[in-house]
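To be precise, the following lines are my_file.cif, and they hold mmCIF, C-alpha atoms.
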```cif
data_entry
#
loop_
_atom_site.label_atom_id
_atom_site.label_comp_id
_atom_site.auth_asym_id
_atom_site.auth_seq_id
_atom_site.Cartn_x
_atom_site.Cartn_y
_atom_site.Cartn_z
CA MET Y 21 23.51 18.28 -11.85
CA ALA Y 22 24.43 17.15 -15.34
CA ILE Y 23 26.34 13.95 -16.07
CA ALA Y 24 27.04 13.31 -19.74
CA ARG Y 25 25.10 10.39 -21.04
CA GLY Y 26 22.92 9.27 -23.89
CA ASN Y 27 22.06 10.87 -27.15
CA SER Y 28 21.89 14.56 -27.94
CA ILE Y 29 18.42 15.97 -28.18
CA GLY Y 30 18.16 16.65 -31.85
CA VAL Y 31 14.54 15.84 -32.40
CA ARG Y 32 11.22 17.37 -31.56
CA LEU Y 33 8.80 15.46 -29.41
CA GLY Y 34 5.14 15.83 -29.44
CA VAL Y 35 2.94 14.19 -32.07
CA TRP Y 36 0.96 11.42 -30.45
CA VAL Y 37 0.54 8.03 -32.05
CA VAL Y 38 -3.21 7.52 -31.77
CA LEU Y 39 -4.01 3.91 -31.00
CA ALA Y 40 -7.28 2.14 -30.56
CA VAL Y 41 -5.84 0.28 -27.58
CA SER Y 42 -3.89 1.45 -24.55
CA CYS Y 43 -0.14 1.92 -25.05
CA GLY Y 44 0.75 1.39 -21.40
CA LEU Y 45 2.76 3.86 -19.33
CA ALA Y 46 4.25 5.70 -22.31
CA CYS Y 47 3.55 6.04 -26.01
CA ALA Y 48 5.89 6.63 -28.91
CA GLY Y 49 6.01 10.06 -30.49
CA GLU Y 50 6.29 10.60 -34.24
CA ASP Y 51 10.06 10.13 -34.08
CA GLY Y 52 9.94 7.14 -31.71
CA SER Y 53 10.68 9.15 -28.57
CA LYS Y 54 8.70 8.42 -25.44
CA VAL Y 55 5.88 10.68 -24.30
CA PRO Y 56 3.30 10.08 -21.55
CA ALA Y 57 0.28 8.01 -22.44
CA PRO Y 58 -2.96 9.94 -23.07
CA ALA Y 59 -4.93 10.61 -19.92
CA SER Y 60 -6.64 7.55 -18.54
CA ALA Y 61 -9.64 7.44 -16.27
CA GLN Y 62 -7.24 8.45 -13.48
CA GLY Y 63 -6.33 11.66 -15.32
CA TRP Y 64 -3.20 13.41 -16.53
CA ARG Y 65 -1.42 13.13 -13.18
CA GLN Y 66 -1.49 9.36 -13.40
CA SER Y 67 -0.10 9.51 -16.94
CA VAL Y 68 2.69 11.90 -16.01
CA GLY Y 69 3.53 10.05 -12.79
CA ASP Y 70 3.67 6.69 -14.56
CA PHE Y 71 5.85 8.19 -17.29
CA ALA Y 72 8.30 9.56 -14.71
CA ARG Y 73 8.51 6.25 -12.84
CA GLU Y 74 9.12 4.35 -16.08
CA GLN Y 75 11.61 6.71 -17.73
CA PHE Y 76 13.59 8.40 -14.95
CA MET Y 77 15.61 5.66 -13.27
CA ASN Y 78 18.48 7.07 -11.22
CA PRO Y 79 19.06 6.94 -7.45
CA ALA Y 80 20.05 10.62 -7.24
CA TRP Y 81 17.72 12.46 -9.62
CA GLY Y 82 15.19 9.88 -10.73
CA ALA Y 83 11.50 9.48 -9.99
CA SER Y 84 11.97 9.09 -6.22
CA HIS Y 85 13.74 12.47 -6.08
CA SER Y 86 10.89 14.05 -8.06
CA ALA Y 87 8.21 12.64 -5.79
CA ARG Y 88 10.16 13.70 -2.71
CA ILE Y 89 10.62 17.32 -3.75
CA TYR Y 90 6.96 17.57 -4.82
CA SER Y 91 5.95 16.66 -1.27
CA LEU Y 92 8.62 18.90 0.26
CA ALA Y 93 7.61 21.91 -1.86
CA ARG Y 94 4.00 21.52 -0.74
CA ASP Y 95 5.11 21.25 2.88
CA LEU Y 96 7.32 24.35 2.67
CA ALA Y 97 4.55 26.41 1.07
CA ALA Y 98 2.04 25.26 3.69
CA GLN Y 99 4.46 26.28 6.44
CA ASP Y 100 4.74 29.74 4.85
CA LYS Y 101 0.97 29.86 4.26
CA VAL Y 102 1.52 30.31 0.52
CA GLN Y 103 -1.04 28.86 -1.88
CA LEU Y 104 0.43 27.06 -4.89
CA ASP Y 105 -1.13 25.93 -8.14
CA ASP Y 106 -0.79 22.21 -7.56
CA ASP Y 107 -1.18 21.37 -11.26
CA VAL Y 108 1.90 23.46 -12.06
CA LEU Y 109 3.88 22.08 -9.14
CA PHE Y 110 3.01 18.44 -9.84
CA ALA Y 111 3.96 18.61 -13.51
CA ALA Y 112 7.15 20.59 -12.92
CA ALA Y 113 8.30 18.45 -10.00
CA HIS Y 114 7.82 15.15 -11.81
CA LEU Y 115 9.36 16.31 -15.10
CA HIS Y 116 12.04 18.83 -14.06
CA ASP Y 117 15.02 16.50 -14.59
CA ILE Y 118 13.85 14.93 -17.85
CA ALA Y 119 16.87 16.26 -19.74
CA ALA Y 120 19.26 14.40 -17.44
CA PHE Y 121 18.16 11.23 -19.23
CA PRO Y 122 18.51 9.94 -22.78
CA PRO Y 123 17.15 10.56 -25.34
CA TRP Y 124 16.53 14.07 -24.04
CA TYR Y 125 20.03 14.81 -22.70
CA ASP Y 126 21.99 17.52 -24.53
CA ALA Y 127 25.66 17.91 -23.55
CA ASN Y 128 25.74 21.43 -24.96
CA ARG Y 129 22.92 22.92 -22.88
CA ASP Y 130 21.89 23.11 -19.23
CA HIS Y 131 19.38 20.36 -18.53
CA SER Y 132 17.03 22.92 -16.97
CA ASP Y 133 16.72 24.82 -20.25
CA VAL Y 134 16.29 21.67 -22.31
CA GLY Y 135 13.64 20.42 -19.92
CA ALA Y 136 11.73 23.70 -20.03
CA ASP Y 137 11.70 23.62 -23.82
CA LEU Y 138 10.36 20.06 -23.78
CA MET Y 139 7.37 20.70 -21.56
CA GLU Y 140 4.85 21.48 -24.30
CA SER Y 141 5.56 18.34 -26.28
CA ILE Y 142 5.61 16.18 -23.15
CA LEU Y 143 2.40 17.51 -21.59
CA LYS Y 144 0.37 18.01 -24.77
CA GLY Y 145 -2.19 15.26 -25.09
CA THR Y 146 -2.08 14.17 -21.45
CA GLY Y 147 -5.06 16.29 -20.44
CA PHE Y 148 -2.86 18.76 -18.57
CA PRO Y 149 -4.42 22.28 -18.57
CA MET Y 150 -2.11 23.80 -21.18
CA GLU Y 151 -2.93 27.39 -20.18
CA LYS Y 152 -0.59 26.70 -17.24
CA LEU Y 153 2.30 25.62 -19.46
CA GLY Y 154 4.24 28.88 -19.03
CA ALA Y 155 4.38 28.47 -15.26
CA VAL Y 156 5.58 24.88 -15.60
CA ARG Y 157 8.32 25.95 -18.01
CA GLY Y 158 9.44 28.70 -15.66
CA ALA Y 159 9.63 26.34 -12.69
CA VAL Y 160 11.59 23.73 -14.63
CA ARG Y 161 13.99 26.33 -16.04
CA THR Y 162 14.92 27.69 -12.59
CA HIS Y 163 14.79 24.59 -10.41
CA MET Y 164 18.55 24.34 -9.84
CA TYR Y 165 20.13 26.04 -6.82
CA TYR Y 166 22.27 28.32 -9.00
CA ARG Y 167 19.24 29.94 -10.65
CA ASP Y 168 16.77 32.51 -9.31
CA PRO Y 169 13.11 31.46 -9.43
CA VAL Y 170 10.20 33.81 -10.17
CA GLY Y 171 6.72 33.05 -8.86
CA PRO Y 172 5.46 30.81 -6.05
CA GLU Y 173 5.56 27.42 -7.80
CA ALA Y 174 9.02 28.07 -9.21
CA THR Y 175 10.27 29.28 -5.81
CA TYR Y 176 9.07 26.31 -3.81
CA LEU Y 177 10.19 23.78 -6.42
CA HIS Y 178 13.61 25.44 -6.50
CA ASP Y 179 13.88 25.46 -2.71
CA ALA Y 180 12.78 21.84 -2.34
CA ASP Y 181 15.28 20.76 -4.99
CA THR Y 182 17.99 22.81 -3.27
CA LEU Y 183 17.31 21.25 0.13
CA ASP Y 184 17.50 17.79 -1.44
CA TRP Y 185 21.24 18.33 -2.08
CA LEU Y 186 21.78 18.78 1.67
CA GLY Y 187 21.18 16.78 4.85
CA ALA Y 188 21.18 13.01 5.13
CA VAL Y 189 19.32 12.65 1.85
CA GLY Y 190 21.94 14.79 0.09
CA ALA Y 191 24.65 12.38 1.21
CA ALA Y 192 22.56 9.33 0.33
CA ARG Y 193 21.91 10.61 -3.20
CA MET Y 194 25.59 11.05 -4.02
CA LEU Y 195 26.74 7.82 -2.37
CA ALA Y 196 24.08 5.91 -4.30
CA LEU Y 197 25.87 6.87 -7.53
CA ILE Y 198 29.04 4.94 -6.64
CA ASP Y 199 29.77 2.19 -9.16
CA PRO Y 200 29.87 -1.11 -7.20
CA LYS Y 201 32.23 -2.55 -9.84
CA GLY Y 202 34.91 0.06 -9.20
CA GLY Y 203 34.13 2.35 -12.11
CA LYS Y 204 33.19 6.01 -12.00
CA PRO Y 205 32.03 7.64 -9.89
CA ASP Y 206 33.95 5.92 -7.12
CA GLY Y 207 33.86 6.73 -3.42
CA GLN Y 208 36.32 9.59 -3.73
CA ALA Y 209 34.30 11.20 -6.51
CA ALA Y 210 31.08 10.88 -4.52
CA ILE Y 211 32.70 12.55 -1.51
CA LYS Y 212 33.93 15.36 -3.76
CA MET Y 213 30.36 15.92 -5.01
CA ILE Y 214 29.07 16.05 -1.42
CA GLU Y 215 31.81 18.52 -0.44
CA ASP Y 216 31.02 20.67 -3.47
CA ASN Y 217 27.33 20.71 -2.58
CA LEU Y 218 28.13 21.73 0.97
CA GLN Y 219 30.12 24.68 -0.38
CA LYS Y 220 27.85 25.80 -3.22
CA VAL Y 221 24.27 25.07 -2.15
CA PRO Y 222 23.79 26.79 1.25
CA GLY Y 223 22.49 30.32 0.89
CA ARG Y 224 20.55 29.51 -2.27
CA THR Y 225 17.05 29.11 -0.84
CA PHE Y 226 14.48 31.92 -1.06
CA SER Y 227 11.39 31.02 0.98
CA PRO Y 228 11.30 31.55 4.77
CA ALA Y 229 10.53 27.89 5.46
CA ALA Y 230 13.36 26.64 3.27
CA LYS Y 231 15.85 29.09 4.75
CA ALA Y 232 15.07 27.75 8.22
CA ARG Y 233 15.45 24.12 7.18
CA GLU Y 234 18.57 24.80 5.16
CA VAL Y 235 20.60 25.50 8.31
CA GLU Y 236 19.73 22.13 9.84
CA ARG Y 237 20.41 20.24 6.62
CA ARG Y 238 23.70 22.03 6.03
CA ASP Y 239 24.86 21.13 9.53
CA GLN Y 240 23.70 17.52 9.12
CA LEU Y 241 25.75 17.15 5.97
CA ALA Y 242 28.80 18.77 7.55
CA ARG Y 243 28.60 16.43 10.56
CA PHE Y 244 28.27 13.42 8.26
CA LEU Y 245 31.38 14.36 6.30
CA LYS Y 246 33.37 14.94 9.49
CA ALA Y 247 32.36 11.58 10.97
CA LEU Y 248 32.99 9.71 7.73
CA SER Y 249 36.42 11.29 7.38
CA GLU Y 250 37.34 10.25 10.91
CA GLN Y 251 36.17 6.70 10.28
CA SER Y 252 37.78 6.24 6.86
CA GLY Y 253 41.27 7.70 7.19
CA GLU Y 254 40.21 11.04 5.72
CA PHE Y 255 38.23 9.20 3.02
CA LYS Y 256 41.32 7.27 1.82
CA GLU Y 257 39.85 3.95 3.00
CA LEU Y 258 36.49 4.19 1.27
#
```

How does the structure come out when it is put into structure tokens?
Amino acid sequence: MAIARGNSIGVRLGVWVVLAVSCGLACAGEDGSKVPAPASAQGWRQSVGDFAREQFMNPAWGASHSARIYSLARDLAAQDKVQLDDDVLFAAAHLHDIAAFPPWYDANRDHSDVGADLMESILKGTGFPMEKLGAVRGAVRTHMYYRDPVGPEATYLHDADTLDWLGAVGAARMLALIDPKGGKPDGQAAIKMIEDNLQKVPGRTFSPAAKAREVERRDQLARFLKALSEQSGEFKEL
């Protein structure tokens, strides 16, 4: 889900600033943009995970969302007895929404496409096995519910991301965006986003495990909206 913010992505990321000392959770690229720190003793996953936690701060599609759908994708695949390349899934799950944040946001392009195009410059130098880059790009490019994934990692990332728009967590994500100072989005806008998700998202999962869980999450979200409407004068008193 794209919300306009930040600067347009008009620069290339990717050339590491080589330092003799550690540069913390993220280093500066040649143009000053942030990229993950080179792999530490804990490896590239630590670098990528730290980068996501530092850079992607949003209650709906920030680092907590990424960590949640990584775990959910693994769980769905295990239920279907499908083996995933966990390197591909980890990288794609933690970085898939990068272009929802400045300085990577581009108002003229879908954030999935921008994110896919960024993967080489973001992962290069972290120690990530770059021969798997194509699979990461594919998973990032098709992670949204309105796109069709190809391949196991892309499918389970897509389905986990899709399920995260539904159920109790789907409601919590949208309500967390409400501006407590009365700005936008307000309560009415958040409810509209939840209603839109309930209309558009169901039917957009592909794996057997996700299809089964989608029904429960769809019904949970529908029951929540019904109860909230009854308790808030059809949302007028939010």

Requested in this report: For the structure provided, state which residues fall under the PyMOL selection byres ((chain Y and resi 180) around 9), and present them as a PyMOL selection string.
Outcome: chain Y and resi 88-94+96+163+175-179+181-184+225+230

**Report entry** Best match for closeness to Gln66 (chain Y) among Y:Ala111, Y:Met164, Y:Ile198, Y:Val134, counting all atoms listed in the file
**Finding:** Y:Ala111

Query raised in the report: Quick one, how far is CA of Ile214 (chain Y) from CA of Phe76 (chain Y)?
Result: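 The value is 21.9 Å.
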
Report summary line: Here CA of Asp199 (chain Y) and CA of Phe255 (chain Y) stand apart by 16.4 Å

Query raised in the report: Excluding same-chain residues fewer than 5 positions from Ala83 (chain Y), what lies within 12 Å of it counting all atoms listed in the file, as JSON, numbers by chain?
Result: {"Y": [68, 69, 70, 71, 72, 73, 74, 75, 76, 77, 78, 88, 89, 90, 113, 114, 115, 116, 117, 118, 120, 121]}

Query raised in the report: Any chance you could work out the residue set of the PyMOL selection byres ((chain Y and resi 174) around 8) here, as a PyMOL selection string?
Result: chain Y and resi 109+155-156+158-160+162-163+169-173+175-178

Query raised in the report: Nearest to Trp124 (chain Y): which of Y:Lys144, Y:Lys204, Y:Lys54, Y:Lys220 is it, counting all atoms listed in the file?
Result: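 Smallest distance to Trp124 (chain Y) is found for Y:Lys54.
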
Query raised in the report: Can you tell me, as a ChimeraX atom specification, what residues are no more than 6 Å from Gly135 (chain Y) when counting all atoms listed in the file, ignoring any on the same chain fewer than 3 positions away?
Result: /Y:118-119,131-132,138

Query raised in the report: Residues picked by the PyMOL selection byres ((chain Y and resi 191) around 10) here, as a PyMOL selection string?
Result: chain Y and resi 80+184-190+192-196+210-211+213-215+217-218+240-242+244-245

Query - Top pick for closest residue to Pro149 (chain Y), considering Y:Asp106, Y:Asp126, Y:Asp168, Y:Glu236 and counting only C-alpha atoms - result: Y:Asp106

**Report entry** Trp64 (chain Y) environment, 12 Å, all atoms listed in the file, sequence neighbours closer than 5 positions dropped, as a PyMOL selection string
**Finding:** chain Y and resi 45+56-59+69-71+107+110-111+142-150

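Pairwise distance (CA of Leu258 (chain Y), CA of Pro205 (chain Y)) equals 12.5 Å.
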
Requested in this report: Find the residues around Leu153 (chain Y) up to 8 Å (only C-alpha atoms counted), leave out those fewer than 4 positions away in its own chain, and share them as number ranges by chain.
Outcome: Y: 108, 139-140, 149, 157

Requested in this report: Compute the distance from (38.5, 10.7, 3.5) to each atom, counting only C-alpha atoms, keep the residues with any atom at most 10 Å away, and return them as JSON, numbers by chain; use the coordinates of the file.
Outcome: {"Y": [207, 208, 211, 212, 245, 246, 247, 248, 249, 250, 251, 252, 253, 254, 255, 256, 257, 258]}

Please produce a file of those selected residues containing C-alpha atoms, as a JSON list (two decimals), in the frame of the given file.
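Writing done, so here's out24.json:
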```json
[["chain", "number", "residue", "atom", "x", "y", "z"],
["Y", 207, "GLY", "CA", 33.86, 6.73, -3.42],
["Y", 208, "GLN", "CA", 36.32, 9.59, -3.73],
["Y", 211, "ILE", "CA", 32.70, 12.55, -1.51],
["Y", 212, "LYS", "CA", 33.93, 15.36, -3.76],
["Y", 245, "LEU", "CA", 31.38, 14.36, 6.30],
["Y", 246, "LYS", "CA", 33.37, 14.94, 9.49],
["Y", 247, "ALA", "CA", 32.36, 11.58, 10.97],
["Y", 248, "LEU", "CA", 32.99, 9.71, 7.73],
["Y", 249, "SER", "CA", 36.42, 11.29, 7.38],
["Y", 250, "GLU", "CA", 37.34, 10.25, 10.91],
["Y", 251, "GLN", "CA", 36.17, 6.70, 10.28],
["Y", 252, "SER", "CA", 37.78, 6.24, 6.86],
["Y", 253, "GLY", "CA", 41.27, 7.70, 7.19],
["Y", 254, "GLU", "CA", 40.21, 11.04, 5.72],
["Y", 255, "PHE", "CA", 38.23, 9.20, 3.02],
["Y", 256, "LYS", "CA", 41.32, 7.27, 1.82],
["Y", 257, "GLU", "CA", 39.85, 3.95, 3.00],
["Y", 258, "LEU", "CA", 36.49, 4.19, 1.27]]
```

Report task. For each of Y:Asn128, Y:Ala87, Y:Ser67, Y:Asp100, take the minimum atom-to-atom distance to Phe226 (chain Y), counting all atoms listed in the file, then give the residue where this is smallest. Result ->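 So, comparing all the options, the nearest one is Y:Asp100.
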